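Peer 1: my_file_8.cif is the file, holding mmCIF, C-alpha atoms and all ligand atoms:
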data_model
#
loop_
_atom_site.label_atom_id
_atom_site.label_comp_id
_atom_site.auth_asym_id
_atom_site.auth_seq_id
_atom_site.Cartn_x
_atom_site.Cartn_y
_atom_site.Cartn_z
CA MET A 10 -7.85 -4.44 15.38
CA SER A 11 -4.56 -3.38 13.86
CA LEU A 12 -2.85 -4.95 10.85
CA LEU A 13 0.80 -4.41 9.98
CA LEU A 14 1.72 -4.69 6.31
CA THR A 15 5.39 -5.60 6.10
CA GLY A 16 7.68 -6.48 3.22
CA ILE A 17 6.70 -3.36 1.24
CA GLY A 18 9.46 -3.03 -1.35
CA LEU A 19 8.41 0.52 -2.16
CA LEU A 20 5.80 2.63 -0.37
CA ALA A 21 4.89 5.52 -2.68
CA THR A 22 2.91 7.72 -0.30
CA GLN A 23 2.26 10.71 -2.61
CA ASP A 24 2.57 12.75 0.58
CA GLN A 25 4.76 15.60 -0.57
CA SER A 26 4.31 17.42 2.73
CA ALA A 27 5.98 14.70 4.83
CA ALA A 28 9.36 16.04 5.89
CA GLN A 29 10.53 12.74 7.36
CA HIS A 30 9.38 10.45 4.60
CA PRO A 31 8.97 12.50 1.45
CA GLY A 32 7.03 10.62 -1.18
CA GLU A 33 8.74 7.24 -1.31
CA ILE A 34 10.06 4.82 1.29
CA ALA A 35 11.94 1.64 0.38
CA ASP A 36 11.70 -1.45 2.64
CA ALA A 37 8.67 -0.03 4.40
CA ALA A 38 5.83 -1.12 6.64
CA LEU A 39 2.39 0.38 7.19
CA LEU A 40 0.01 -0.07 10.09
CA ILE A 41 -3.74 -0.14 9.41
CA ALA A 42 -5.58 0.85 12.59
CA GLY A 43 -9.30 0.50 12.05
CA GLU A 44 -10.27 2.59 9.04
CA THR A 45 -7.19 4.76 8.98
CA ILE A 46 -3.41 4.62 8.73
CA GLY A 47 -1.88 4.33 12.20
CA TRP A 48 1.79 4.43 11.28
CA LEU A 49 4.09 4.13 8.27
CA GLY A 50 7.83 4.19 7.84
CA PRO A 51 10.95 2.02 7.50
CA ALA A 52 10.17 -1.65 8.25
CA ALA A 53 12.94 -1.81 10.84
CA GLN A 54 11.04 0.70 13.02
CA ALA A 55 7.59 -0.88 12.70
CA PRO A 56 5.42 -1.08 15.82
CA ALA A 57 3.71 -4.24 17.08
CA ALA A 58 0.25 -5.10 15.77
CA ASP A 59 -2.55 -7.60 16.26
CA ASP A 60 -1.84 -9.17 12.90
CA ALA A 61 0.72 -8.93 10.09
CA ILE A 62 0.91 -9.65 6.37
CA ASP A 63 4.20 -9.88 4.46
CA LEU A 64 3.77 -8.35 1.01
CA GLY A 65 6.95 -9.93 -0.33
CA GLY A 66 8.66 -6.83 -1.67
CA ARG A 67 5.66 -5.48 -3.60
CA CYS A 68 4.91 -1.81 -4.19
CA VAL A 69 2.11 -0.10 -2.22
CA LEU A 70 0.30 3.03 -3.45
CA PRO A 71 -2.73 4.97 -2.26
CA GLY A 72 -5.86 3.51 -3.82
CA PHE A 73 -6.53 5.22 -7.13
CA VAL A 74 -9.09 8.05 -7.07
CA ASP A 75 -11.16 7.96 -10.26
CA SER A 76 -12.67 11.44 -10.27
CA HIS A 77 -14.65 11.13 -13.52
CA ALA A 78 -16.89 8.23 -14.55
CA HIS A 79 -20.34 7.68 -16.09
CA LEU A 80 -21.43 4.30 -14.72
CA VAL A 81 -25.23 4.35 -14.56
CA PHE A 82 -26.44 3.29 -18.00
CA ALA A 83 -27.67 0.39 -20.09
CA GLY A 84 -26.91 -0.68 -23.63
CA ASP A 85 -23.84 -1.09 -25.77
CA ARG A 86 -22.19 1.18 -28.33
CA SER A 87 -19.47 -1.12 -29.62
CA GLN A 88 -20.73 -0.59 -33.19
CA GLU A 89 -20.16 3.16 -32.76
CA PHE A 90 -16.61 2.36 -31.68
CA ALA A 91 -16.16 0.11 -34.73
CA ALA A 92 -17.39 2.91 -37.02
CA ARG A 93 -14.91 5.31 -35.40
CA MET A 94 -12.08 2.94 -36.11
CA THR A 95 -12.98 3.14 -39.81
CA GLY A 96 -12.87 6.93 -39.74
CA ARG A 97 -16.16 8.31 -38.40
CA PRO A 98 -15.52 11.05 -35.80
CA TYR A 99 -16.84 10.97 -32.24
CA THR A 100 -19.73 13.39 -31.65
CA ALA A 101 -21.88 14.26 -28.64
CA GLY A 102 -24.98 12.90 -30.39
CA GLY A 103 -24.22 9.26 -29.60
CA ILE A 104 -25.26 9.93 -26.00
CA ARG A 105 -28.93 9.79 -27.11
CA SER A 106 -28.76 6.08 -27.96
CA THR A 107 -27.58 5.30 -24.42
CA VAL A 108 -30.40 7.49 -23.08
CA ALA A 109 -32.97 5.34 -24.88
CA ALA A 110 -31.47 2.11 -23.47
CA THR A 111 -31.15 3.57 -19.97
CA ARG A 112 -34.76 4.75 -19.86
CA ALA A 113 -35.89 1.28 -20.95
CA ALA A 114 -33.83 -0.51 -18.27
CA SER A 115 -35.18 -1.48 -14.86
CA GLU A 116 -33.73 -0.07 -11.67
CA ASP A 117 -32.30 -3.52 -10.87
CA GLN A 118 -30.56 -3.71 -14.26
CA LEU A 119 -28.99 -0.28 -13.79
CA ARG A 120 -27.89 -1.22 -10.27
CA ALA A 121 -26.39 -4.51 -11.50
CA ASN A 122 -24.51 -2.72 -14.29
CA LEU A 123 -23.07 -0.22 -11.81
CA THR A 124 -22.11 -2.98 -9.36
CA ARG A 125 -20.24 -4.85 -12.09
CA LEU A 126 -18.33 -1.70 -13.15
CA ALA A 127 -17.54 -0.85 -9.51
CA ALA A 128 -16.05 -4.36 -9.14
CA GLU A 129 -13.95 -3.73 -12.25
CA LEU A 130 -12.74 -0.43 -10.80
CA HIS A 131 -11.75 -2.11 -7.54
CA ALA A 132 -9.87 -4.80 -9.46
CA ALA A 133 -8.05 -1.94 -11.22
CA GLY A 134 -6.95 -0.53 -7.85
CA VAL A 135 -9.59 2.20 -7.50
CA THR A 136 -10.83 2.84 -3.96
CA THR A 137 -12.85 6.02 -4.62
CA PHE A 138 -14.83 6.78 -7.75
CA GLU A 139 -17.04 9.61 -8.85
CA CYS A 140 -20.22 8.68 -10.73
CA LYS A 141 -22.34 10.93 -12.95
CA SER A 142 -25.94 10.73 -14.06
CA GLY A 143 -26.64 11.98 -17.57
CA TYR A 144 -28.15 9.05 -19.45
CA GLY A 145 -31.67 9.54 -18.12
CA LEU A 146 -32.37 13.14 -19.14
CA ASP A 147 -35.90 13.07 -17.77
CA VAL A 148 -36.76 13.78 -14.15
CA ASP A 149 -37.54 10.18 -13.16
CA THR A 150 -34.55 8.52 -14.81
CA GLU A 151 -32.10 11.17 -13.67
CA GLN A 152 -33.36 10.86 -10.11
CA ARG A 153 -33.14 7.07 -10.30
CA SER A 154 -29.58 7.38 -11.67
CA VAL A 155 -28.24 9.62 -8.89
CA ALA A 156 -30.01 7.55 -6.22
CA ILE A 157 -28.44 4.32 -7.51
CA ALA A 158 -25.02 5.99 -7.75
CA ALA A 159 -25.34 7.26 -4.16
CA GLU A 160 -25.71 3.66 -2.96
CA GLN A 161 -22.12 3.03 -4.02
CA THR A 162 -20.22 6.30 -3.71
CA PRO A 163 -20.51 9.66 -1.95
CA GLU A 164 -19.10 11.37 -5.06
CA VAL A 165 -22.28 11.63 -7.11
CA THR A 166 -22.62 14.19 -9.89
CA PHE A 167 -25.85 15.47 -11.43
CA LEU A 168 -25.29 15.71 -15.20
CA GLY A 169 -28.77 16.49 -16.50
CA ALA A 170 -27.00 18.88 -18.90
CA HIS A 171 -25.34 16.10 -20.91
CA VAL A 172 -27.20 16.76 -24.20
CA VAL A 173 -30.68 17.96 -25.09
CA PRO A 174 -32.65 14.70 -25.46
CA ALA A 175 -34.88 13.97 -28.44
CA GLY A 176 -38.44 15.29 -28.38
CA ILE A 177 -38.09 18.41 -26.25
CA ASP A 178 -37.43 22.05 -27.06
CA ARG A 179 -33.98 23.27 -26.00
CA ASP A 180 -35.16 26.12 -23.74
CA ASP A 181 -37.80 23.89 -22.17
CA TYR A 182 -35.14 21.28 -21.44
CA LEU A 183 -32.85 23.83 -19.79
CA ASP A 184 -35.75 25.00 -17.62
CA LEU A 185 -36.38 21.38 -16.65
CA VAL A 186 -32.70 20.75 -15.79
CA CYS A 187 -32.42 23.91 -13.69
CA GLY A 188 -35.84 23.41 -12.08
CA PRO A 189 -37.64 20.14 -11.31
CA MET A 190 -34.82 17.81 -12.38
CA LEU A 191 -32.25 19.59 -10.20
CA ALA A 192 -34.69 19.64 -7.28
CA ALA A 193 -35.23 15.87 -7.62
CA CYS A 194 -31.54 15.05 -7.96
CA ALA A 195 -29.80 17.48 -5.59
CA PRO A 196 -30.60 15.47 -2.42
CA HIS A 197 -28.64 12.51 -3.83
CA ALA A 198 -25.70 14.42 -5.33
CA ARG A 199 -22.64 16.38 -4.23
CA TRP A 200 -21.68 17.84 -7.62
CA VAL A 201 -23.24 19.49 -10.65
CA ASP A 202 -21.69 19.13 -14.12
CA ALA A 203 -22.50 20.11 -17.71
CA PHE A 204 -21.14 19.01 -21.09
CA CYS A 205 -19.91 22.38 -22.38
CA GLU A 206 -19.26 21.52 -26.02
CA GLN A 207 -20.40 21.86 -29.60
CA GLY A 208 -23.44 19.64 -29.99
CA ALA A 209 -24.19 19.81 -26.25
CA PHE A 210 -24.38 23.10 -24.28
CA ASP A 211 -22.73 26.47 -24.92
CA VAL A 212 -20.92 28.52 -22.28
CA ASP A 213 -23.94 30.59 -21.22
CA GLU A 214 -26.17 27.54 -20.98
CA SER A 215 -23.52 25.67 -18.99
CA ARG A 216 -23.07 28.66 -16.67
CA ALA A 217 -26.82 28.77 -16.02
CA VAL A 218 -26.88 25.05 -15.14
CA LEU A 219 -23.86 25.24 -12.84
CA GLU A 220 -25.17 28.38 -11.11
CA ALA A 221 -28.54 26.71 -10.54
CA GLY A 222 -26.72 23.70 -9.08
CA ILE A 223 -24.61 25.91 -6.81
CA ALA A 224 -27.77 27.67 -5.61
CA ALA A 225 -29.18 24.21 -4.77
CA GLY A 226 -26.11 23.41 -2.64
CA LEU A 227 -24.07 21.42 -5.20
CA ARG A 228 -20.49 22.13 -6.16
CA PRO A 229 -19.44 22.65 -9.78
CA ARG A 230 -17.23 20.61 -12.13
CA LEU A 231 -17.33 20.80 -15.92
CA HIS A 232 -16.76 18.80 -19.11
CA ALA A 233 -14.57 21.37 -20.88
CA ASN A 234 -12.67 21.61 -24.17
CA GLN A 235 -13.10 17.96 -25.18
CA LEU A 236 -13.84 18.36 -28.88
CA THR A 237 -13.10 22.05 -29.45
CA ALA A 238 -11.14 24.87 -27.76
CA GLY A 239 -14.30 26.60 -26.58
CA GLY A 240 -14.89 28.56 -23.42
CA GLY A 241 -15.36 25.63 -21.03
CA VAL A 242 -12.06 25.92 -19.19
CA ALA A 243 -12.51 29.68 -18.69
CA LEU A 244 -16.00 29.05 -17.31
CA ALA A 245 -14.75 26.34 -14.94
CA VAL A 246 -12.10 28.70 -13.58
CA GLU A 247 -14.56 31.60 -13.36
CA LEU A 248 -16.87 29.48 -11.17
CA ASP A 249 -14.01 27.95 -9.12
CA ALA A 250 -15.07 24.52 -10.32
CA ALA A 251 -13.21 21.71 -8.59
CA SER A 252 -12.23 20.35 -11.97
CA ALA A 253 -12.21 21.07 -15.70
CA ASP A 254 -12.38 17.68 -17.35
CA HIS A 255 -10.94 16.51 -20.70
CA CYS A 256 -8.88 19.65 -21.62
CA THR A 257 -8.08 18.02 -24.94
CA HIS A 258 -8.01 21.31 -26.86
CA LEU A 259 -6.40 24.06 -24.79
CA SER A 260 -5.26 27.58 -25.66
CA ALA A 261 -2.27 29.19 -23.94
CA ALA A 262 -4.78 31.35 -22.04
CA ASP A 263 -6.58 28.22 -20.82
CA ILE A 264 -3.33 26.79 -19.47
CA ASP A 265 -2.52 30.06 -17.71
CA ALA A 266 -6.01 30.27 -16.26
CA LEU A 267 -5.83 26.72 -14.88
CA ALA A 268 -2.33 27.29 -13.48
CA GLY A 269 -3.54 30.37 -11.63
CA SER A 270 -6.59 28.67 -10.14
CA ASP A 271 -7.73 25.96 -7.76
CA THR A 272 -9.44 24.17 -10.64
CA VAL A 273 -7.79 20.83 -11.39
CA ALA A 274 -7.23 19.86 -15.03
CA THR A 275 -8.58 16.31 -15.18
CA LEU A 276 -7.14 14.45 -18.16
CA LEU A 277 -8.88 11.38 -19.57
CA PRO A 278 -6.48 9.65 -21.97
CA LEU A 279 -8.64 6.52 -22.33
CA VAL A 280 -11.05 8.79 -24.24
CA GLU A 281 -8.38 10.01 -26.65
CA PHE A 282 -7.40 6.37 -27.10
CA SER A 283 -10.97 5.26 -27.84
CA THR A 284 -11.86 8.24 -30.03
CA ARG A 285 -8.48 8.33 -31.78
CA SER A 286 -7.99 11.97 -30.82
CA PRO A 287 -4.87 13.97 -30.00
CA TYR A 288 -3.85 13.63 -26.36
CA PRO A 289 -4.07 16.71 -24.10
CA ASP A 290 -1.05 18.88 -23.41
CA ALA A 291 -0.19 17.45 -20.01
CA ARG A 292 3.36 18.79 -20.15
CA GLY A 293 2.17 22.31 -20.86
CA LEU A 294 -0.19 22.12 -17.89
CA LEU A 295 2.35 20.63 -15.50
CA ASP A 296 5.17 22.93 -16.58
CA ALA A 297 2.89 25.94 -16.07
CA GLY A 298 2.11 24.74 -12.54
CA ALA A 299 -1.46 23.53 -13.04
CA GLU A 300 -2.75 20.70 -10.87
CA VAL A 301 -3.45 17.63 -13.01
CA ALA A 302 -5.60 14.58 -12.30
CA LEU A 303 -6.02 11.40 -14.33
CA ALA A 304 -9.35 9.59 -14.45
CA THR A 305 -11.00 6.87 -16.54
CA ASP A 306 -14.15 8.67 -17.82
CA CYS A 307 -15.54 5.15 -18.11
CA ASN A 308 -18.69 5.48 -20.26
CA PRO A 309 -20.29 3.48 -23.08
CA GLY A 310 -19.56 6.06 -25.79
CA SER A 311 -16.24 7.86 -25.74
CA GLY A 312 -14.21 5.32 -23.75
CA PHE A 313 -15.46 2.14 -22.07
CA SER A 314 -12.57 1.26 -19.79
CA THR A 315 -12.20 1.07 -16.01
CA SER A 316 -8.44 0.71 -16.18
CA MET A 317 -6.66 3.41 -14.20
CA PRO A 318 -3.38 1.51 -14.81
CA LEU A 319 -3.88 1.84 -18.58
CA ALA A 320 -4.72 5.55 -18.16
CA ILE A 321 -1.39 5.91 -16.34
CA ALA A 322 0.46 4.01 -19.06
CA LEU A 323 -1.05 6.27 -21.75
CA ALA A 324 -0.22 9.39 -19.74
CA VAL A 325 3.40 8.29 -19.58
CA ARG A 326 3.77 6.96 -23.13
CA GLU A 327 1.57 9.42 -25.03
CA MET A 328 1.46 12.54 -22.84
CA ARG A 329 5.03 12.59 -21.56
CA MET A 330 4.11 12.60 -17.90
CA SER A 331 6.75 10.94 -15.75
CA PRO A 332 5.58 7.74 -14.02
CA ALA A 333 5.73 9.63 -10.70
CA GLU A 334 3.60 12.49 -12.10
CA ALA A 335 1.08 10.04 -13.54
CA VAL A 336 0.69 8.07 -10.30
CA TYR A 337 0.36 11.33 -8.34
CA ALA A 338 -2.33 12.52 -10.78
CA ALA A 339 -4.24 9.23 -10.41
CA THR A 340 -4.19 9.41 -6.59
CA ALA A 341 -3.53 12.77 -4.93
CA GLY A 342 -4.57 14.66 -8.07
CA GLY A 343 -7.90 12.81 -8.21
CA ALA A 344 -8.46 13.62 -4.54
CA ARG A 345 -7.83 17.31 -5.28
CA ALA A 346 -10.30 17.13 -8.17
CA LEU A 347 -12.89 15.93 -5.64
CA ARG A 348 -11.69 18.44 -3.02
CA ARG A 349 -10.97 15.59 -0.62
CA ASN A 350 -8.16 15.69 1.96
CA ASP A 351 -8.68 12.25 3.47
CA ILE A 352 -7.77 10.10 0.45
CA GLY A 353 -5.22 9.96 -2.39
CA ARG A 354 -2.19 10.03 -0.09
CA LEU A 355 -0.76 7.74 2.56
CA ALA A 356 -0.14 9.48 5.88
CA VAL A 357 -1.02 8.87 9.52
CA GLY A 358 -4.69 9.62 10.15
CA LEU A 359 -5.77 9.43 6.51
CA ARG A 360 -8.10 6.72 5.24
CA ALA A 361 -6.44 3.33 4.84
CA ASP A 362 -7.10 3.05 1.09
CA LEU A 363 -4.24 1.04 -0.42
CA THR A 364 -3.41 -0.63 -3.69
CA VAL A 365 -0.73 -3.31 -3.69
CA LEU A 366 0.93 -3.94 -7.06
CA ASP A 367 2.36 -7.27 -8.08
CA ALA A 368 5.53 -5.41 -8.98
CA PRO A 369 8.50 -3.91 -7.14
CA GLY A 370 7.62 -0.34 -8.18
CA TYR A 371 4.98 1.85 -9.82
CA LEU A 372 7.07 2.26 -12.98
CA HIS A 373 5.71 -1.16 -13.94
CA LEU A 374 2.25 0.38 -14.45
CA ALA A 375 3.63 1.98 -17.63
CA TYR A 376 6.39 -0.51 -18.32
CA ARG A 377 3.90 -3.43 -18.39
CA PRO A 378 0.83 -1.86 -20.05
CA GLY A 379 -2.32 -3.95 -20.14
CA VAL A 380 -1.03 -6.44 -17.56
CA PRO A 381 -3.28 -6.80 -14.48
CA LEU A 382 -0.78 -5.79 -11.80
CA VAL A 383 -3.20 -4.98 -8.99
CA HIS A 384 -2.57 -7.64 -6.35
CA ARG A 385 -4.63 -6.62 -3.29
CA VAL A 386 -6.74 -3.59 -2.35
CA TRP A 387 -7.76 -2.17 1.04
CA GLN A 388 -10.53 0.42 1.36
CA SER A 389 -11.10 2.19 4.68
CA GLY A 390 -8.95 -0.48 6.32
CA ARG A 391 -10.89 -3.44 4.91
CA GLU A 392 -9.59 -5.68 2.18
CA ILE A 393 -11.80 -5.75 -0.92
CA PRO A 394 -12.05 -9.24 -2.44
CA LEU A 395 -10.93 -8.97 -6.06
CA GLY A 396 -12.91 -11.71 -7.74
CA PRO A 397 -13.92 -11.91 -11.36
CA ALA A 398 -16.54 -9.31 -12.29
CA ILE A 399 -20.02 -10.18 -11.00
CA PRO A 400 -22.14 -11.31 -13.97
CA GLY A 401 -24.76 -8.66 -14.65
O1 LIG A 501 -17.05 12.37 -20.95
N1 LIG A 501 -18.34 14.14 -22.99
C1 LIG A 501 -19.39 13.84 -22.50
N2 LIG A 501 -19.70 12.71 -21.90
C2 LIG A 501 -18.91 11.51 -22.03
C3 LIG A 501 -19.26 10.72 -23.23
C4 LIG A 501 -20.67 10.41 -23.29
C5 LIG A 501 -21.05 9.45 -24.38
O2 LIG A 501 -20.57 9.52 -25.53
O3 LIG A 501 -21.89 8.58 -24.05
C6 LIG A 501 -17.44 11.86 -21.98
O4 LIG A 501 -16.70 11.63 -22.93
FE FE A 502 -17.31 12.43 -19.10
#
Could I get this file's structure written as structure tokens?
Ligand code: NIG
Ligand code: FE
Peer 2:
Amino acid sequence: MSLLLTGIGLLATQDQSAAQHPGEIADAALLIAGETIGWLGPAAQAPAADDAIDLGGRCVLPGFVDSHAHLVFAGDRSQEFAARMTGRPYTAGGIRSTVAATRAASEDQLRANLTRLAAELHAAGVTTFECKSGYGLDVDTEQRSVAIAAEQTPEVTFLGAHVVPAGIDRDDYLDLVCGPMLAACAPHARWVDAFCEQGAFDVDESRAVLEAGIAAGLRPRLHANQLTAGGGVALAVELDAASADHCTHLSAADIDALAGSDTVATLLPLVEFSTRSPYPDARGLLDAGAEVALATDCNPGSGFSTSMPLAIALAVREMRMSPAEAVYAATAGGARALRRNDIGRLAVGLRADLTVLDAPGYLHLAYRPGVPLVHRVWQSGREIPLGPAIPG
């Protein structure tokens, strides 16, 4: 079956390599052929198809790629957020309260929570999301977390090194993470991550965890430089991590290192919003030539939002990214941060992952912040019904 989408006011392909149709096509059409894109170009040249839908002048983008999210957990930390808003700083220690709630939850509860958040992500235009463990922090609950995540996404990350949980010696916990916990989780995961930060794990500890993960066949990514300008970014670059995430506190050397590497700087402005922190230096990164991605970091502690559109609006308003740079970072940039070539751009042969905005252009994502502009979403050529979130 083929489906022709016509009446596309603006098709923002993010395909900078396309000589014929660089980046943006006005008055466009796009042919979905099975799971992939069969054709795209000016509407006047569109081929015949089995079926057609007129999108009435709306803007079409690649589905957003959310390359950083923590979605397997139970419990609520809204009181921690309230305390922050009266002046208490965010610290890594809050993670332990979610660990207690997650360990106490049943597998069905954790699955239902993830399903509800995945529905929110789809309604926000996300067609691929990464999902980390890291709220179990014992072998059974970490394994359960990655297994549940793997039911919903291929981009599963083992984050046993989130913090040292209560009741275990630090060295013993690191041995557990790099030994039995990794062995139990690696079959369900593609990535290994660590929270390299004051109050979590130092550079040497993080290196040991990532190297153990690499030896077990996982690929590295790293929480780096969120609360302090430590050595996380340098470590991510040293290990050719796909991504260094947060990058809130960067030195000039960090920016140079990222610019000279294949490690994407993944910026998470919903966290700076929720923790009332300074926003990362997106301009410095982009002007130096670093690859930048935007992601939600949806988690119960430092930022509980699934809204890629709001992340884009913050990147434009607060971080001085242009709307085009922000949309690229939320699509093609996210794909780079997951080392994926089949998503994040619209081109013939790539996966038919599309987000249709109820707006004539993507500028409206920043111009109309907080307004639900996602109109329809296709993932691998199939339309995702965007209902209200499933009660969980
Ligand atoms: O990415 N930084 C580490 N992990 C999460 C927050 C975890 C939490 O506070 O529950 C983050 O911000
Ligand atoms: Fe995170």
Peer 1: Skip Gln152 in chain A itself and residues of its chain fewer than 2 positions away, then list as a list in words all residues within 10 Å of it, counting only C-alpha atoms.
Peer 2: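 Final neighbour list, sorted by chain and number: Ser142, Gly145, Leu146, Asp147, Val148, Asp149, Thr150, Ser154, Val155, Ala156, Ile157, Ala158, Phe167, Gly169, Met190, Leu191, Ala192, Ala193, Cys194, Ala195, Pro196, His197 and Ala198 of chain A.
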Peer 1: I need the chosen residues saved as a compact mmCIF listing (two decimals), keeping the file's coordinate frame, with C-alpha atoms.
Peer 2:
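Result file part.txt:
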# COMPACT_ATOMS: atom_id res chain seq x y z
CA SER A 142 -25.94 10.73 -14.06
CA GLY A 145 -31.67 9.54 -18.12
CA LEU A 146 -32.37 13.14 -19.14
CA ASP A 147 -35.90 13.07 -17.77
CA VAL A 148 -36.76 13.78 -14.15
CA ASP A 149 -37.54 10.18 -13.16
CA THR A 150 -34.55 8.52 -14.81
CA SER A 154 -29.58 7.38 -11.67
CA VAL A 155 -28.24 9.62 -8.89
CA ALA A 156 -30.01 7.55 -6.22
CA ILE A 157 -28.44 4.32 -7.51
CA ALA A 158 -25.02 5.99 -7.75
CA PHE A 167 -25.85 15.47 -11.43
CA GLY A 169 -28.77 16.49 -16.50
CA MET A 190 -34.82 17.81 -12.38
CA LEU A 191 -32.25 19.59 -10.20
CA ALA A 192 -34.69 19.64 -7.28
CA ALA A 193 -35.23 15.87 -7.62
CA CYS A 194 -31.54 15.05 -7.96
CA ALA A 195 -29.80 17.48 -5.59
CA PRO A 196 -30.60 15.47 -2.42
CA HIS A 197 -28.64 12.51 -3.83
CA ALA A 198 -25.70 14.42 -5.33
Peer 1: Using all atoms listed in the file, what are the residues with an atom within 8 Å of ligand FE 502 (chain A), set out as a VMD selection string?
Peer 2: chain A and resid 77 to 79 204 232 254 to 255 306 to 308
Peer 1: With a distance cut-off of 8 Å and all atoms listed in the file, select the neighbouring residues of range 314-327 of chain A, excluding the residue or stretch itself and same-chain residues fewer than 2 positions from it, and output the selection as a ChimeraX atom specification.
Peer 2: /A:73,75,126,129-130,133-135,277-279,288,303-308,312,329-332,335-336,339,374-376,378-379
Peer 1: Those residues with C-alpha atoms, as a short mmCIF file (atom, residue, chain, number, x, y, z; two decimals), in the frame of the given file please?
Peer 2:
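Here's the written file part-v5.cif:
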data_model
loop_
_atom_site.label_atom_id
_atom_site.label_comp_id
_atom_site.auth_asym_id
_atom_site.auth_seq_id
_atom_site.Cartn_x
_atom_site.Cartn_y
_atom_site.Cartn_z
CA PHE A 73 -6.53 5.22 -7.13
CA ASP A 75 -11.16 7.96 -10.26
CA LEU A 126 -18.33 -1.70 -13.15
CA GLU A 129 -13.95 -3.73 -12.25
CA LEU A 130 -12.74 -0.43 -10.80
CA ALA A 133 -8.05 -1.94 -11.22
CA GLY A 134 -6.95 -0.53 -7.85
CA VAL A 135 -9.59 2.20 -7.50
CA LEU A 277 -8.88 11.38 -19.57
CA PRO A 278 -6.48 9.65 -21.97
CA LEU A 279 -8.64 6.52 -22.33
CA TYR A 288 -3.85 13.63 -26.36
CA LEU A 303 -6.02 11.40 -14.33
CA ALA A 304 -9.35 9.59 -14.45
CA THR A 305 -11.00 6.87 -16.54
CA ASP A 306 -14.15 8.67 -17.82
CA CYS A 307 -15.54 5.15 -18.11
CA ASN A 308 -18.69 5.48 -20.26
CA GLY A 312 -14.21 5.32 -23.75
CA ARG A 329 5.03 12.59 -21.56
CA MET A 330 4.11 12.60 -17.90
CA SER A 331 6.75 10.94 -15.75
CA PRO A 332 5.58 7.74 -14.02
CA ALA A 335 1.08 10.04 -13.54
CA VAL A 336 0.69 8.07 -10.30
CA ALA A 339 -4.24 9.23 -10.41
CA LEU A 374 2.25 0.38 -14.45
CA ALA A 375 3.63 1.98 -17.63
CA TYR A 376 6.39 -0.51 -18.32
CA PRO A 378 0.83 -1.86 -20.05
CA GLY A 379 -2.32 -3.95 -20.14
#
Peer 1: Which of these, A:Glu151, A:Asp63, A:Asp263, A:Glu247, has the shortest distance to Pro189 in chain A once you count only C-alpha atoms?
Peer 2: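 Counting only C-alpha atoms, the residue closest to Pro189 in chain A is A:Glu151.
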Peer 1: What is the CA of Cys140 in chain A to CA of Ala238 in chain A distance in Å?
Peer 2: 25.2 Å
Peer 1: May I ask for the distance between CA of Asn234 in chain A and CA of Thr257 in chain A, given in Å to one decimal place?
Peer 2: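 One can read the CA of Asn234 in chain A to CA of Thr257 in chain A distance as 5.9 Å.
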Peer 1: Select, from A:Cys187, A:Ile104, A:Ala344, A:Leu267, the residue with the minimum atom-to-atom distance to ligand LIG 501 (chain A), counting only C-alpha atoms and all ligand atoms.
Peer 2: A:Ile104
